[in-house]
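Heads up, target06.txt below (compact mmCIF, C-alpha atoms):
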# COMPACT_ATOMS: atom_id res chain seq x y z
CA MET A 1 0.00 0.00 0.00
CA ILE A 2 2.80 2.39 0.90
CA GLN A 3 4.59 1.34 -2.28
CA GLN A 4 1.49 2.14 -4.33
CA PHE A 5 1.22 5.53 -2.69
CA ALA A 6 4.90 6.27 -3.37
CA ASN A 7 4.48 5.17 -7.00
CA TRP A 8 1.40 7.33 -7.41
CA LEU A 9 3.10 10.35 -5.82
CA VAL A 10 6.47 10.11 -7.55
CA TYR A 11 5.53 8.79 -10.96
CA GLY A 12 1.99 10.15 -11.19
CA ILE A 13 2.06 13.53 -9.46
CA PHE A 14 5.75 14.49 -9.81
CA GLY A 15 5.85 12.94 -13.28
CA LEU A 16 9.26 11.27 -12.75
CA ASP A 17 10.20 8.33 -14.94
CA ALA A 18 10.21 4.98 -13.13
CA THR A 19 13.18 3.80 -15.20
CA THR A 20 15.57 6.68 -14.41
CA PRO A 21 17.93 6.55 -11.40
CA LEU A 22 16.42 9.81 -10.10
CA GLY A 23 12.88 8.40 -10.28
CA ILE A 24 13.94 5.26 -8.42
CA ALA A 25 15.86 7.25 -5.78
CA VAL A 26 12.96 9.66 -5.11
CA ASN A 27 10.49 6.78 -4.99
CA PHE A 28 12.76 4.91 -2.54
CA PHE A 29 13.04 8.05 -0.42
CA PHE A 30 9.28 8.53 -0.08
CA TYR A 31 8.58 4.84 0.41
CA ASP A 32 11.20 4.48 3.17
CA THR A 33 10.30 7.72 4.95
CA ILE A 34 6.58 6.92 5.08
CA LYS A 35 7.21 3.34 6.17
CA ILE A 36 9.58 4.33 8.96
CA VAL A 37 7.35 7.17 10.21
CA LEU A 38 4.38 4.78 10.44
CA LEU A 39 6.49 2.13 12.19
CA LEU A 40 7.86 4.66 14.63
CA PHE A 41 4.40 5.97 15.48
CA VAL A 42 3.02 2.47 16.10
CA ILE A 43 6.02 1.37 18.20
CA SER A 44 6.01 4.55 20.31
CA PHE A 45 2.27 4.17 20.81
CA VAL A 46 2.61 0.59 22.08
CA MET A 47 5.48 1.59 24.36
CA GLY A 48 3.44 4.57 25.55
CA ILE A 49 0.62 2.25 26.62
CA ILE A 50 3.04 0.03 28.57
CA ASN A 51 4.55 3.11 30.19
CA ALA A 52 1.18 4.47 31.19
CA TYR A 53 0.52 1.30 33.18
CA PHE A 54 4.02 0.63 34.38
CA PRO A 55 5.79 3.94 34.87
CA ILE A 56 9.38 4.19 35.94
CA GLU A 57 8.47 4.95 39.56
CA ARG A 58 6.68 1.64 39.73
CA LEU A 59 9.69 -0.19 38.29
CA ARG A 60 11.91 1.43 40.88
CA GLN A 61 9.59 0.36 43.66
CA PHE A 62 9.40 -3.12 42.23
CA LEU A 63 13.19 -3.41 42.03
CA THR A 64 13.77 -2.13 45.55
CA SER A 65 11.03 -4.03 47.30
CA ARG A 66 11.94 -7.63 46.51
CA LYS A 67 14.83 -10.00 46.04
CA LEU A 68 14.98 -10.94 42.40
CA TYR A 69 18.10 -13.13 42.12
CA GLY A 70 19.37 -11.63 38.88
CA LEU A 71 15.97 -11.05 37.32
CA ASP A 72 16.41 -7.40 38.28
CA TYR A 73 19.10 -7.07 35.60
CA PHE A 74 16.67 -8.40 33.03
CA LEU A 75 13.88 -6.06 34.14
CA ALA A 76 16.23 -3.07 34.13
CA ALA A 77 17.35 -3.88 30.56
CA LEU A 78 13.79 -4.49 29.39
CA PHE A 79 12.44 -1.28 30.86
CA GLY A 80 15.49 0.65 29.73
CA GLY A 81 14.35 -0.29 26.25
CA ILE A 82 10.68 0.46 26.72
CA THR A 83 11.06 3.79 28.50
CA PRO A 84 11.22 6.56 25.89
CA PHE A 85 14.78 7.74 25.91
CA CYS A 86 15.40 11.38 26.50
CA SER A 87 19.01 12.28 27.16
CA CYS A 88 17.88 14.87 29.69
CA SER A 89 16.37 12.15 31.87
CA SER A 90 19.36 9.83 32.13
CA VAL A 91 20.97 11.68 35.04
CA PRO A 92 17.78 12.06 37.14
CA LEU A 93 16.95 8.41 36.45
CA PHE A 94 20.39 7.34 37.55
CA ILE A 95 20.14 9.28 40.80
CA GLY A 96 16.56 8.20 41.36
CA PHE A 97 17.62 4.55 41.11
CA VAL A 98 20.70 4.95 43.28
CA LYS A 99 18.70 6.89 45.89
CA GLY A 100 16.11 4.15 45.90
CA GLY A 101 18.79 1.69 46.95
CA ILE A 102 18.95 -0.18 43.64
CA PRO A 103 22.42 -1.74 43.15
CA LEU A 104 24.80 0.20 40.92
CA GLY A 105 25.08 -2.72 38.46
CA VAL A 106 21.31 -2.83 37.87
CA THR A 107 21.22 0.96 37.49
CA LEU A 108 24.01 0.82 34.91
CA THR A 109 22.15 -1.90 33.00
CA PHE A 110 19.21 0.48 32.72
CA LEU A 111 21.49 3.32 31.70
CA ILE A 112 23.06 1.26 28.88
CA ALA A 113 19.80 -0.22 27.58
CA SER A 114 17.92 3.07 27.60
CA PRO A 115 19.55 4.69 24.56
CA LEU A 116 20.65 1.42 22.94
CA VAL A 117 17.24 -0.20 22.63
CA SER A 118 14.78 2.58 21.91
CA GLU A 119 11.61 3.07 19.88
CA VAL A 120 13.58 5.05 17.30
CA ALA A 121 16.31 2.41 16.95
CA ILE A 122 13.73 -0.39 16.61
CA ALA A 123 11.65 1.46 13.99
CA MET A 124 14.74 2.35 11.97
CA PHE A 125 16.07 -1.21 12.08
CA LEU A 126 12.71 -2.70 11.11
CA GLY A 127 12.33 -0.25 8.25
CA SER A 128 15.87 -0.59 6.95
CA PHE A 129 17.05 -4.13 7.72
CA GLY A 130 13.91 -6.17 8.36
CA VAL A 131 12.74 -8.37 11.23
CA ARG A 132 15.76 -10.69 11.57
CA ALA A 133 18.37 -7.96 12.01
CA THR A 134 16.01 -6.07 14.35
CA LEU A 135 15.60 -9.12 16.57
CA ILE A 136 19.37 -9.65 16.66
CA TYR A 137 19.87 -6.01 17.58
CA VAL A 138 17.19 -5.90 20.30
CA VAL A 139 18.06 -9.25 21.90
CA SER A 140 21.80 -8.66 21.86
CA GLY A 141 21.35 -5.08 23.05
CA THR A 142 19.31 -6.33 26.01
CA VAL A 143 21.74 -9.17 26.84
CA LEU A 144 24.74 -6.88 26.44
CA SER A 145 23.25 -4.33 28.87
CA MET A 146 22.64 -7.09 31.41
CA ILE A 147 26.17 -8.52 31.14
CA ALA A 148 27.78 -5.07 31.22
CA GLY A 149 25.73 -4.06 34.29
CA TYR A 150 26.54 -7.34 36.01
CA VAL A 151 30.29 -7.09 35.31
CA LEU A 152 30.39 -3.44 36.40
CA GLY A 153 28.36 -4.27 39.49
CA LYS A 154 30.90 -6.93 40.48
CA MET A 155 33.73 -4.41 40.17
CA LYS A 156 32.62 -2.48 43.28
CA LEU A 157 32.72 0.93 41.70
CA GLU A 158 30.59 2.80 44.24
CA ALA A 159 33.69 4.64 45.47
CA TYR A 160 33.99 6.37 42.09
CA LEU A 161 30.58 8.02 42.15
CA SER A 162 30.47 11.78 42.64
CA ASP A 163 30.42 12.79 46.29
CA TRP A 164 26.90 14.15 46.35
CA VAL A 165 25.60 10.96 44.74
CA LYS A 166 27.31 8.90 47.45
CA THR A 167 25.52 11.00 50.05
CA ALA A 168 22.23 10.43 48.26
CA GLN A 169 22.93 6.71 48.18
CA GLN A 170 23.55 6.57 51.91
CA GLN A 171 20.27 8.31 52.58
CA SER A 172 18.38 5.94 50.35
CA ASN A 173 14.74 5.89 51.19
CA ALA A 174 13.40 2.78 49.55
CA GLN A 175 10.56 2.11 51.96
CA SER A 176 9.14 5.56 52.47
CA GLU A 177 8.02 5.97 48.92
CA GLN A 178 4.86 4.45 47.60
CA TRP A 179 3.98 4.34 43.98
CA GLU A 180 0.65 5.97 43.40
CA ALA A 181 -1.57 4.66 40.68
CA GLU A 182 -3.29 7.17 38.46
CA HIS A 183 -6.86 6.14 38.02
CA THR A 184 -7.51 7.34 34.55
CA SER A 185 -9.43 5.13 32.15
CA PHE A 186 -7.69 3.65 29.15
CA ILE A 187 -9.89 5.49 26.63
CA LYS A 188 -9.06 8.83 28.26
CA ARG A 189 -5.37 8.07 28.07
CA ILE A 190 -5.31 7.30 24.36
CA PRO A 191 -5.24 10.94 23.14
CA THR A 192 -2.31 11.75 25.48
CA ILE A 193 -0.39 8.66 24.43
CA ALA A 194 -1.05 9.35 20.74
CA ARG A 195 0.08 12.95 21.17
CA GLU A 196 3.29 11.77 22.88
CA SER A 197 3.96 9.29 20.06
CA TRP A 198 3.42 11.99 17.48
CA GLY A 199 5.81 14.18 19.47
CA ILE A 200 8.48 11.46 19.22
CA VAL A 201 7.91 11.14 15.46
CA ARG A 202 8.00 14.90 14.96
CA GLY A 203 11.15 15.19 17.05
CA VAL A 204 13.15 12.83 14.84
CA LEU A 205 11.42 13.45 11.49
CA LEU A 206 14.16 15.76 10.29
CA TYR A 207 16.85 13.21 11.19
CA ILE A 208 14.93 10.49 9.36
CA ILE A 209 14.66 12.66 6.25
CA ILE A 210 18.35 13.59 6.36
CA GLY A 211 19.44 9.98 6.97
CA ILE A 212 17.26 8.48 4.24
CA GLY A 213 18.17 11.34 1.89
CA ILE A 214 21.92 10.75 2.33
CA GLY A 215 21.35 7.00 2.12
CA ALA A 216 19.32 7.29 -1.08
CA ALA A 217 21.94 9.53 -2.67
CA MET A 218 24.82 7.26 -1.62
CA HIS A 219 23.11 4.23 -3.11
CA GLY A 220 23.77 5.69 -6.52
CA TYR A 221 27.33 6.91 -6.06
CA ILE A 222 29.20 4.26 -4.10
CA PRO A 223 30.19 1.39 -6.36
CA GLU A 224 28.99 -2.11 -5.54
CA GLY A 225 31.36 -3.93 -3.15
CA PHE A 226 33.33 -0.73 -2.46
CA PHE A 227 33.96 -1.48 1.21
CA GLU A 228 34.54 -5.17 0.82
CA SER A 229 38.28 -4.78 0.53
CA MET A 230 38.49 -2.29 3.43
CA LEU A 231 36.24 -3.53 6.18
CA ASN A 232 35.74 -7.16 5.42
CA ALA A 233 34.93 -9.78 8.03
CA LYS A 234 38.13 -11.54 7.00
CA HIS A 235 40.17 -8.75 8.50
CA TRP A 236 40.22 -9.28 12.26
CA TRP A 237 40.51 -5.54 12.88
CA GLY A 238 37.29 -4.67 10.99
CA VAL A 239 35.03 -4.90 14.05
CA PRO A 240 37.25 -3.11 16.62
CA LEU A 241 38.04 -0.36 14.14
CA ALA A 242 34.36 0.25 13.36
CA VAL A 243 33.43 0.24 17.06
CA ILE A 244 36.25 2.49 18.23
CA LEU A 245 35.49 4.99 15.47
CA ALA A 246 31.84 4.96 16.53
CA VAL A 247 32.18 5.45 20.30
CA PRO A 248 32.88 9.21 20.36
CA MET A 249 30.36 9.84 17.58
CA TYR A 250 27.04 11.31 18.54
CA ALA A 251 24.26 10.81 16.08
CA ASN A 252 20.58 10.11 16.14
CA PRO A 253 19.77 6.50 15.20
CA ALA A 254 17.21 7.97 12.78
CA SER A 255 20.07 9.31 10.67
CA VAL A 256 22.68 6.60 11.22
CA VAL A 257 20.66 3.50 10.32
CA PRO A 258 19.70 4.44 6.71
CA ILE A 259 23.30 5.46 6.00
CA VAL A 260 24.71 2.24 7.44
CA GLU A 261 22.16 0.30 5.40
CA VAL A 262 23.99 1.55 2.30
CA PHE A 263 27.34 0.44 3.71
CA VAL A 264 25.90 -3.05 4.22
CA ALA A 265 24.49 -3.08 0.69
CA LYS A 266 27.94 -2.16 -0.60
CA GLY A 267 29.83 -4.93 1.15
CA ILE A 268 30.30 -4.23 4.89
CA PRO A 269 29.38 -7.35 6.91
CA LEU A 270 26.06 -6.94 8.76
CA GLY A 271 27.64 -7.97 12.09
CA THR A 272 30.28 -5.25 11.85
CA ALA A 273 27.55 -2.77 10.93
CA ILE A 274 25.36 -3.72 13.92
CA ALA A 275 28.34 -3.40 16.27
CA PHE A 276 29.13 0.00 14.73
CA MET A 277 25.55 1.20 15.24
CA MET A 278 25.46 -0.07 18.83
CA ALA A 279 28.55 1.99 19.58
CA VAL A 280 27.18 5.11 17.85
CA ILE A 281 23.78 4.86 19.55
CA GLY A 282 24.86 3.57 22.96
CA LEU A 283 27.98 5.60 23.73
CA SER A 284 28.98 9.16 22.90
CA ILE A 285 31.04 12.08 24.15
CA PRO A 286 27.95 14.16 25.10
CA GLU A 287 26.73 11.24 27.18
CA ALA A 288 30.08 11.04 28.94
CA THR A 289 29.96 14.74 29.81
CA MET A 290 26.43 14.33 31.13
CA LEU A 291 27.48 11.39 33.31
CA LYS A 292 30.25 13.58 34.73
CA LYS A 293 27.58 15.04 37.02
CA VAL A 294 27.19 11.70 38.78
CA MET A 295 30.44 9.84 38.16
CA THR A 296 34.16 10.52 38.32
CA TRP A 297 36.13 10.34 35.07
CA ARG A 298 37.60 7.09 36.25
CA LEU A 299 34.16 5.44 36.53
CA ILE A 300 33.10 6.87 33.16
CA GLY A 301 36.29 5.41 31.65
CA ILE A 302 35.65 1.97 33.14
CA PHE A 303 31.99 2.14 32.10
CA PHE A 304 32.79 3.06 28.50
CA GLY A 305 35.66 0.55 28.38
CA VAL A 306 33.53 -2.41 29.48
CA VAL A 307 30.64 -1.53 27.15
CA THR A 308 33.01 -0.96 24.18
CA LEU A 309 34.71 -4.30 24.79
CA LEU A 310 31.36 -6.10 24.94
CA ILE A 311 30.19 -4.44 21.71
CA ILE A 312 33.40 -5.58 19.97
CA ILE A 313 32.89 -9.14 21.23
CA SER A 314 29.27 -9.11 20.01
CA GLY A 315 30.45 -7.81 16.62
CA TYR A 316 32.68 -10.88 16.22
CA LEU A 317 29.82 -13.12 17.36
CA PHE A 318 27.40 -11.56 14.83
CA ASN A 319 29.88 -12.08 12.01
CA LEU A 320 30.36 -15.70 13.04
CA VAL A 321 26.65 -16.44 13.23
CA LEU A 322 25.26 -14.32 10.39
CA MET B 1 1.37 31.18 42.61
CA GLU B 2 4.85 29.75 42.28
CA VAL B 3 5.62 27.79 39.14
CA LYS B 4 8.87 25.97 38.49
CA VAL B 5 9.91 24.25 35.30
CA LEU B 6 12.49 21.55 35.95
CA GLY B 7 14.88 20.57 33.19
CA THR B 8 18.57 20.15 32.50
CA GLY B 9 18.49 22.15 29.29
CA CYS B 10 17.28 19.61 26.74
CA SER B 11 14.98 20.68 23.92
CA LYS B 12 11.79 19.34 25.53
CA CYS B 13 12.57 21.22 28.74
CA LYS B 14 13.02 24.46 26.81
CA THR B 15 9.77 23.89 24.92
CA LEU B 16 7.88 23.39 28.16
CA TYR B 17 9.33 26.53 29.72
CA ASN B 18 8.44 28.60 26.64
CA VAL B 19 4.85 27.33 26.57
CA VAL B 20 4.32 28.08 30.25
CA GLU B 21 5.95 31.47 29.88
CA LYS B 22 3.70 32.32 26.93
CA ILE B 23 0.53 31.38 28.81
CA VAL B 24 1.59 33.36 31.87
CA ARG B 25 2.41 36.42 29.75
CA GLU B 26 -0.72 36.30 27.62
CA ASN B 27 -3.01 36.09 30.63
CA ASN B 28 -1.09 38.53 32.82
CA LEU B 29 -0.97 35.94 35.58
CA GLU B 30 0.56 36.79 38.93
CA VAL B 31 2.98 33.95 38.88
CA THR B 32 6.62 33.66 39.79
CA LEU B 33 7.98 31.48 37.04
CA THR B 34 11.44 29.99 37.46
CA LYS B 35 13.55 27.58 35.50
CA VAL B 36 15.41 25.03 37.62
CA GLU B 37 18.39 23.64 35.77
CA ASP B 38 20.64 22.50 38.59
CA ILE B 39 20.44 18.73 38.91
CA VAL B 40 20.92 18.73 42.69
CA GLN B 41 17.93 21.05 43.10
CA ILE B 42 15.89 19.04 40.59
CA MET B 43 16.52 15.83 42.50
CA ALA B 44 15.10 17.44 45.63
CA PHE B 45 11.70 17.15 43.94
CA ASN B 46 12.18 13.40 43.56
CA VAL B 47 11.47 13.26 39.84
CA MET B 48 13.15 10.73 37.59
CA SER B 49 11.97 11.94 34.22
CA LEU B 50 12.19 15.42 32.80
CA PRO B 51 10.87 17.94 31.99
CA ALA B 52 8.57 18.52 34.95
CA ILE B 53 6.27 21.29 36.22
CA VAL B 54 6.07 22.11 39.91
CA ILE B 55 3.23 24.33 41.07
CA ASP B 56 3.37 25.58 44.65
CA GLY B 57 5.75 22.82 45.58
CA GLU B 58 3.75 20.00 44.03
CA VAL B 59 4.97 18.08 40.99
CA LYS B 60 2.11 18.23 38.48
CA VAL B 61 3.53 16.61 35.37
CA LYS B 62 6.82 14.85 34.73
CA GLY B 63 8.53 13.27 31.77
CA ARG B 64 6.49 14.94 29.06
CA VAL B 65 5.42 18.27 27.66
CA PRO B 66 1.72 18.66 28.47
CA SER B 67 -0.65 20.33 26.04
CA GLU B 68 -1.44 24.02 26.39
CA SER B 69 -4.94 23.30 27.66
CA GLU B 70 -3.55 20.99 30.34
CA ILE B 71 -1.19 23.74 31.49
CA ARG B 72 -4.07 26.24 31.53
CA ASP B 73 -6.02 23.88 33.80
CA MET B 74 -3.08 23.59 36.16
CA LEU B 75 -2.76 27.33 36.34
CA GLY B 76 -6.47 27.61 37.12
CA LEU B 77 -7.50 29.24 33.85

Translate the structure described by the file into C-alpha cells.
Amino acid sequence: MIQQFANWLVYGIFGLDATTPLGIAVNFFFYDTIKIVLLLFVISFVMGIINAYFPIERLRQFLTSRKLYGLDYFLAALFGGITPFCSCSSVPLFIGFVKGGIPLGVTLTFLIASPLVSEVAIAMFLGSFGVRATLIYVVSGTVLSMIAGYVLGKMKLEAYLSDWVKTAQQQSNAQSEQWEAEHTSFIKRIPTIARESWGIVRGVLLYIIIGIGIGAAMHGYIPEGFFESMLNAKHWWGVPLAVILAVPMYANPASVVPIVEVFVAKGIPLGTAIAFMMAVIGLSIPEATMLKKVMTWRLIGIFFGVVTLLIIISGYLFNLVL
Amino acid sequence: MEVKVLGTGCSKCKTLYNVVEKIVRENNLEVTLTKVEDIVQIMAFNVMSLPAIVIDGEVKVKGRVPSESEIRDMLGL
C-alpha cells in the first residue's frame, strides 16, 4: 500500500520516470520515509501504553522491594528499552535509582539499555534491515546491557561516584516511597499517548529525512562492493576499528541507520555494521559529559571501556553467526 | 502562585518553559515562574523523568510536555 502511494506520488504527481535513477531514488526516499514514520508511530504508541501502566516509579519500587536473584538485571534492561529515551532524563533516572537503593550494576544496566534499545532504533532497524536484524539487535542489546551491568556491578565501583551521589545513596529511602496509581481510564489516556507518540515522530522526522536522503543519494554513487576490501569480516581488525570509530560519535539512530544500510548493501558485513551502530547509539562524548555530574572520570572510563569491549565481542559473534 | 519548570536544558525542557511562559504572559498571571536547571535542586523534587512542572511545591507533570490546555487547567485558567 505504501509502495502504491509512493508510485502514485512520484511517478503520477511528480511525473518522474520509473526507469531513471532519479525516479527510483525519489520513490525509494518517499517509500522508506513513510514506512519508517508509520512504524515509529506504532512502536512509540505501544510503548506509551506500557509506560502508562508501568511507569518508571513503579519499576523502581518493584526493584527495591523484593529480592529478584538476577531477574532485576533483566527487568532493568527491558524497561530501559521500553522507556522513551530522553538524554535529559538519564541523570535524574540514575540518581533516582541509586537513591532508591537499587544496586549500581542494575542501574548501569538500565542506563546502557535506555539509549541502545529505543523506539527510534527499533523502527529504523525494522524499516531498513527487516525483522531478523532487528531481533538480533534488540536481543543482543538487552543481553549486552545485562552482562555489562553485572560485570560493572561486580567491580565495586561505588567509590567512584560523585560525592553528592554517594551522600544520596547513603540516605536511600526505599521504603518511604509508595507508587501511586493514576486512576484514569484507558480510553481517556489514548489521546495523550497518541500525542506523545506523534511528538516522538516529529522530534526525529528531520533526522529520518536527512538519513534516508543521504542513504538514497549514496546508493547511486558508491560502487557495488566498495567497502569489501576495506572492512571485510576476513580482517580481524574490521570490528574493533568500526566500534572504536563509533564510540565518540554522537548521532541520532534515525540518521545513522539508513546510512549504514547503504554500507551493508555495498559490502560491509552486517555484524560489523550492527556493532558500529550499537557503539554510535549507545555511547557518545555528550553522554560522557552528562554522566560527569554523577560519576568521576575514572568510573566513566571503566563504564565506556567495558561496554566498548562487549560491543566488539558481540560484533565478532554476529559475524560468526550471520 | 509559584511555578517551576524543571529541566537540565534539553529541547523538551526548553519547549515546556516557553509554553508556560507564553501562557503566563498572555493572561497577565501573577505567577513567579522559574527555571530550575541545577540537577541537585531538581533531584530534591524526587522526579526521575524530565521535563517537569512544579506548582506551589507540588509536581504536576513529569517526563512529558503537556498540552497548552492541560497547562491552563493547572494554572487555574

- [ ] Find the residues around stretch 64-69 of chain B up to 10 Å (all atoms listed in the file counted), leave out those fewer than 6 positions away in its own chain, and share them as a ChimeraX atom specification.
- [x] /A:86,192,195-196,199 /B:12-17,19-20,22-23,49-53,75,77

Open item on the list: Could you list, as a list in words, every residue within 9 Å of A:Ile222, counting all atoms listed in the file and ignoring same-chain residues fewer than 4 positions away?
Closed with: Met218, Phe226, Val262, Phe263 and Lys266 of chain A

Closest pair table for chain B residues within 7 Å of chain A, only C-alpha atoms, as JSON lines:
{"residue": "B:Thr8", "atom": "CA", "partner": "A:Cys88", "partner_atom": "CA", "distance": 6.0}
{"residue": "B:Cys10", "atom": "CA", "partner": "A:Cys88", "partner_atom": "CA", "distance": 5.6}
{"residue": "B:Met43", "atom": "CA", "partner": "A:Pro92", "partner_atom": "CA", "distance": 6.7}
{"residue": "B:Val47", "atom": "CA", "partner": "A:Pro92", "partner_atom": "CA", "distance": 7.0}
{"residue": "B:Met48", "atom": "CA", "partner": "A:Leu93", "partner_atom": "CA", "distance": 4.6}
{"residue": "B:Ser49", "atom": "CA", "partner": "A:Ser89", "partner_atom": "CA", "distance": 5.0}
{"residue": "B:Leu50", "atom": "CA", "partner": "A:Ser89", "partner_atom": "CA", "distance": 5.4}

Open item on the list: Can you measure atom CA of A:Pro253 to atom CA of A:Glu119 for me? One decimal in Å is fine.
Closed with: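 Those two atoms sit 10.0 Å apart.
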
Open item on the list: Using only C-alpha atoms, can you tell me which of A:Trp297, A:Phe304, A:Phe41, A:Trp198 comes closest to A:Ala123?
Closed with: A:Phe41

TODO: For atom CA of A:Gln4 and atom CA of A:Gly213, quote the distance in Å rounded to one decimal.
DONE: 20.0 Å

Task: Non-local contacts of B:Gln41 (12 Å; all atoms listed in the file; under 2 positions in same chain excluded) as number ranges by chain - done: A: 92, 164; B: 4-8, 35-39, 43-47

Long-range neighbours of A:Val280 as an mmCIF file with C-alpha atoms, in the frame of the given file, 12 Å cut-off, only C-alpha atoms, 5 positions minimum in chain:
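So the final result, stored in around_35.cif, reads:
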data_model
loop_
_atom_site.group_PDB
_atom_site.id
_atom_site.type_symbol
_atom_site.label_atom_id
_atom_site.label_comp_id
_atom_site.auth_asym_id
_atom_site.auth_seq_id
_atom_site.Cartn_x
_atom_site.Cartn_y
_atom_site.Cartn_z
ATOM 1 C CA PRO A 115 19.550 4.690 24.560
ATOM 2 C CA LEU A 116 20.650 1.420 22.940
ATOM 3 C CA ALA A 121 16.310 2.410 16.950
ATOM 4 C CA ALA A 242 34.360 0.250 13.360
ATOM 5 C CA VAL A 243 33.430 0.240 17.060
ATOM 6 C CA ILE A 244 36.250 2.490 18.230
ATOM 7 C CA LEU A 245 35.490 4.990 15.470
ATOM 8 C CA ALA A 246 31.840 4.960 16.530
ATOM 9 C CA VAL A 247 32.180 5.450 20.300
ATOM 10 C CA PRO A 248 32.880 9.210 20.360
ATOM 11 C CA MET A 249 30.360 9.840 17.580
ATOM 12 C CA TYR A 250 27.040 11.310 18.540
ATOM 13 C CA ALA A 251 24.260 10.810 16.080
ATOM 14 C CA ASN A 252 20.580 10.110 16.140
ATOM 15 C CA PRO A 253 19.770 6.500 15.200
ATOM 16 C CA ALA A 254 17.210 7.970 12.780
ATOM 17 C CA SER A 255 20.070 9.310 10.670
ATOM 18 C CA VAL A 256 22.680 6.600 11.220
ATOM 19 C CA VAL A 257 20.660 3.500 10.320
ATOM 20 C CA VAL A 260 24.710 2.240 7.440
ATOM 21 C CA ALA A 273 27.550 -2.770 10.930
ATOM 22 C CA ILE A 274 25.360 -3.720 13.920
ATOM 23 C CA ALA A 275 28.340 -3.400 16.270
ATOM 24 C CA ILE A 285 31.040 12.080 24.150
ATOM 25 C CA PRO A 286 27.950 14.160 25.100
ATOM 26 C CA GLU A 287 26.730 11.240 27.180
ATOM 27 C CA VAL A 307 30.640 -1.530 27.150
ATOM 28 C CA THR A 308 33.010 -0.960 24.180
ATOM 29 C CA ILE A 311 30.190 -4.440 21.710
#

TODO: One decimal, Å: what's the distance from atom CA of A:Ser44 over to atom CA of A:Ser197, could you say?
DONE: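 About the pair atom CA of A:Ser44 and atom CA of A:Ser197: they are 5.2 Å apart.
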
Distance query A:Leu78 at most 9 Å, all atoms listed in the file, self and fewer than 3 positions along chain excluded, as a JSON list (two decimals) with C-alpha atoms, in the frame of the given file:
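What follows is the written file out.json:
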[["chain", "number", "residue", "atom", "x", "y", "z"],
["A", 73, "TYR", "CA", 19.10, -7.07, 35.60],
["A", 74, "PHE", "CA", 16.67, -8.40, 33.03],
["A", 75, "LEU", "CA", 13.88, -6.06, 34.14],
["A", 81, "GLY", "CA", 14.35, -0.29, 26.25],
["A", 82, "ILE", "CA", 10.68, 0.46, 26.72],
["A", 83, "THR", "CA", 11.06, 3.79, 28.50],
["A", 110, "PHE", "CA", 19.21, 0.48, 32.72],
["A", 113, "ALA", "CA", 19.80, -0.22, 27.58],
["A", 114, "SER", "CA", 17.92, 3.07, 27.60],
["A", 117, "VAL", "CA", 17.24, -0.20, 22.63],
["A", 142, "THR", "CA", 19.31, -6.33, 26.01]]

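Minimum atom-to-atom distances from B:Glu70, B:Glu21, B:Glu2, B:Glu30 to B:Asp56 were compared using all atoms listed in the file, and the lowest value belongs to B:Glu2.
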